[in-house]
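K.L.:
The structure's right below; bear with me while I get my questions together.
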Amino acid sequence: MPILEGVYDIGNVLAVCRSTEALGVGCLGVISDTGLVFKQSGRTSGGAVKWTNLEQWSSTADAIRDAKARGYRVLTTVFDGGHPLEHYDWTVPTAVVLGNERDGVSEEAIALSDGGVYVSMNGFTESLNVSVASSLVMHHAVQDRVRRRGRHGDLSPRERDTLRAVYLARLVPNYARQGYLRQLLEYAAAKSKAT
């Protein structure tokens, strides 16, 4: 799961959201004390906000503490002192904190994390746009998981069916107000008890 720290350009946040959804990661974390608001569609996100679980924290410490409590290893993107992407086993549930292009991640994030990671670069450019860096990290993680496990996701068949029901319900206008999601979940629960 990518976690963005200090990234206040909403266009970058939405671009990361789009890549996150396209790669099947499913969730994106944002550390912001301002309470960002996301549109359900838009050219930058390609509508990916609708399909991504967006989590927001008001502080870096809260974000990292929450990720670790949920079983994630937490890595920070760093320029010095880390390891290349290839060093890590990405079958381990991992949250990666990415900072903005100017400042990178905070010293606080580095101190609280389990390690540092960087994207190897061969040219003269010293940094990448946060959405590009995030895409490269997530793509590598997905490919590493497929190579090691033969698949990417961690969901059981029942969890996949439930998630599919949630996503299908989102296609119906005003689904929450009309109770479609509740009905689909009740149907899925009844079906699983019958089998």
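Every chain in the structure tokens has a letter given in the order shown (A, B, ...), and although residue numbers restart at 1 in each chain, ligands are simply numbered from 1 in the order shown.
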Got a sec: who's within 8 Å of Gly26 (chain A), counting only C-alpha atoms, leaving out chain neighbours fewer than 3 positions off, as a PyMOL selection string?
P.N.:
chain A and resi 1+20-21+51-53
K.L.:
Would you put the residues from that selection into a file with N, CA, C and O atoms, as a CSV table (one decimal), in the first residue's frame?
P.N.:
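And here's out38.csv as it stands now:
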```csv
chain,number,residue,atom,x,y,z
A,1,MET,N,0.9,-1.2,0.0
A,1,MET,CA,0.0,0.0,0.0
A,1,MET,C,0.9,1.2,0.0
A,1,MET,O,1.7,1.4,0.9
A,20,THR,N,-2.5,2.9,-8.5
A,20,THR,CA,-2.8,1.9,-7.5
A,20,THR,C,-3.9,1.0,-7.9
A,20,THR,O,-3.8,-0.2,-7.8
A,21,GLU,N,-5.0,1.6,-8.4
A,21,GLU,CA,-6.1,0.8,-8.8
A,21,GLU,C,-5.7,-0.1,-10.1
A,21,GLU,O,-6.1,-1.3,-10.1
A,51,TRP,N,-12.9,3.1,-7.1
A,51,TRP,CA,-12.5,1.7,-6.9
A,51,TRP,C,-11.3,1.5,-6.0
A,51,TRP,O,-10.8,0.4,-5.8
A,52,THR,N,-10.9,2.6,-5.3
A,52,THR,CA,-9.8,2.5,-4.4
A,52,THR,C,-10.2,2.9,-3.0
A,52,THR,O,-10.9,3.8,-2.8
A,53,ASN,N,-9.7,2.1,-2.0
A,53,ASN,CA,-10.0,2.4,-0.6
A,53,ASN,C,-9.0,3.4,-0.2
A,53,ASN,O,-7.8,3.2,-0.1
```
K.L.:
Out of region 42-138 of chain A, which residues get strand (DSSP E or B) from DSSP, as a PyMOL selection string?
P.N.:
chain A and resi 53-57+73-77+83-84+94-98+100+104+115-118
K.L.:
Counting only C-alpha atoms, give me one row per residue of region 61-149 of chain A with an atom at most 10 Å from an atom of region 10-14 of chain A, showing the shortest contact pair and its distance in Å to one decimal, sorted by chain then residue number, as a tab-separated table.
P.N.:
```
residue	atom	partner	partner_atom	distance
A:Asn100	CA	A:Asn12	CA	9.3
A:Asn129	CA	A:Asn12	CA	8.3
A:Val130	CA	A:Asn12	CA	6.9
A:Ser131	CA	A:Asn12	CA	5.8
A:Val132	CA	A:Asn12	CA	9.3
```
K.L.:
For the residues in the current selection, export N, CA and C atoms as an mmCIF file, in the first residue's frame.
P.N.:
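The result, stored in part_27.cif:
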```cif
data_model
loop_
_atom_site.group_PDB
_atom_site.id
_atom_site.type_symbol
_atom_site.label_atom_id
_atom_site.label_comp_id
_atom_site.auth_asym_id
_atom_site.auth_seq_id
_atom_site.Cartn_x
_atom_site.Cartn_y
_atom_site.Cartn_z
ATOM 1 N N ASN A 100 7.103 14.079 -1.038
ATOM 2 C CA ASN A 100 7.043 14.927 -2.223
ATOM 3 C C ASN A 100 8.421 15.051 -2.863
ATOM 4 N N ASN A 129 9.076 11.997 -10.079
ATOM 5 C CA ASN A 129 7.781 12.481 -9.633
ATOM 6 C C ASN A 129 7.180 11.411 -8.733
ATOM 7 N N VAL A 130 6.464 11.823 -7.697
ATOM 8 C CA VAL A 130 5.932 10.866 -6.724
ATOM 9 C C VAL A 130 5.002 9.846 -7.371
ATOM 10 N N SER A 131 4.248 10.246 -8.379
ATOM 11 C CA SER A 131 3.349 9.275 -9.011
ATOM 12 C C SER A 131 4.138 8.254 -9.821
ATOM 13 N N VAL A 132 5.233 8.672 -10.435
ATOM 14 C CA VAL A 132 6.080 7.739 -11.184
ATOM 15 C C VAL A 132 6.786 6.791 -10.218
#
```
K.L.:
Could you pull out the residues in region 75-153 of chain A that DSSP calls alpha helix (DSSP H) from the backbone, as a list of chain:residue names?
P.N.:
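For region 75-153 of chain A, the alpha helix (DSSP H) set is A:Glu107, A:Glu108, A:Ala109, A:Ile110, A:Ala111, A:Leu112, A:Val130, A:Ser131, A:Val132, A:Ala133, A:Ser134, A:Ser135, A:Leu136, A:Val137, A:Met138, A:His139, A:His140, A:Ala141, A:Val142, A:Gln143, A:Asp144, A:Arg145, A:Val146, A:Arg147, A:Arg148, A:Arg149.
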K.L.:
Please determine, counting only C-alpha atoms, which residue among A:Leu23, A:Ser58, A:Leu75, A:Gln143 has the shortest atom-to-atom distance to Ala109 (chain A).
P.N.:
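Answer, going by the shortest atom-to-atom distance: A:Leu75.
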K.L.:
Counting only C-alpha atoms, which residue out of A:Phe124, A:Tyr187, A:Trp90, A:Tyr118 sits closest to Gly153 (chain A)?
P.N.:
A:Trp90
K.L.:
So what do you get for CA of Ala189 (chain A) versus CA of Ser156 (chain A), distance-wise?
P.N.:
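Those two atoms sit 14.3 Å apart.
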K.L.:
With only C-alpha atoms as the atoms that count, which of A:Pro93, A:Gly115, A:Pro157, A:Gly150 lies nearest to Asp80 (chain A)?
P.N.:
A:Gly115
K.L.:
Using only C-alpha atoms, which residues sit within 10 Å of Arg145 (chain A) once same-chain residues fewer than 4 positions away are excluded, as a PyMOL selection string?
P.N.:
chain A and resi 89-92+139-141+149-153
K.L.:
Mind pulling up the distance from CA of Pro2 (chain A) to CA of Val16 (chain A)?
P.N.:
8.4 Å
K.L.:
When distances are computed from only C-alpha atoms, which of A:Gly24, A:Gly71, A:Gly116, A:Gly6 shows the smallest separation from His87 (chain A)?
P.N.:
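Among the listed residues, A:Gly116 lies closest to His87 (chain A).
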K.L.:
Between A:Arg160, A:Lys68, A:Arg18, A:Arg182, which has the minimum distance to Leu112 (chain A) (counting only C-alpha atoms)?
P.N.:
A:Lys68
K.L.:
To one decimal place in Å, what is the distance between CA of Asn122 (chain A) and CA of Ser19 (chain A)?
P.N.:
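Straight-line distance from CA of Asn122 (chain A) to CA of Ser19 (chain A) works out to 23.0 Å.
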K.L.:
Tell me which of A:Leu28, A:Glu5, A:Arg164, A:Gln56 sits closest to Glu108 (chain A), counting only C-alpha atoms.
P.N.:
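The answer is A:Glu5, which sits nearest to Glu108 (chain A).
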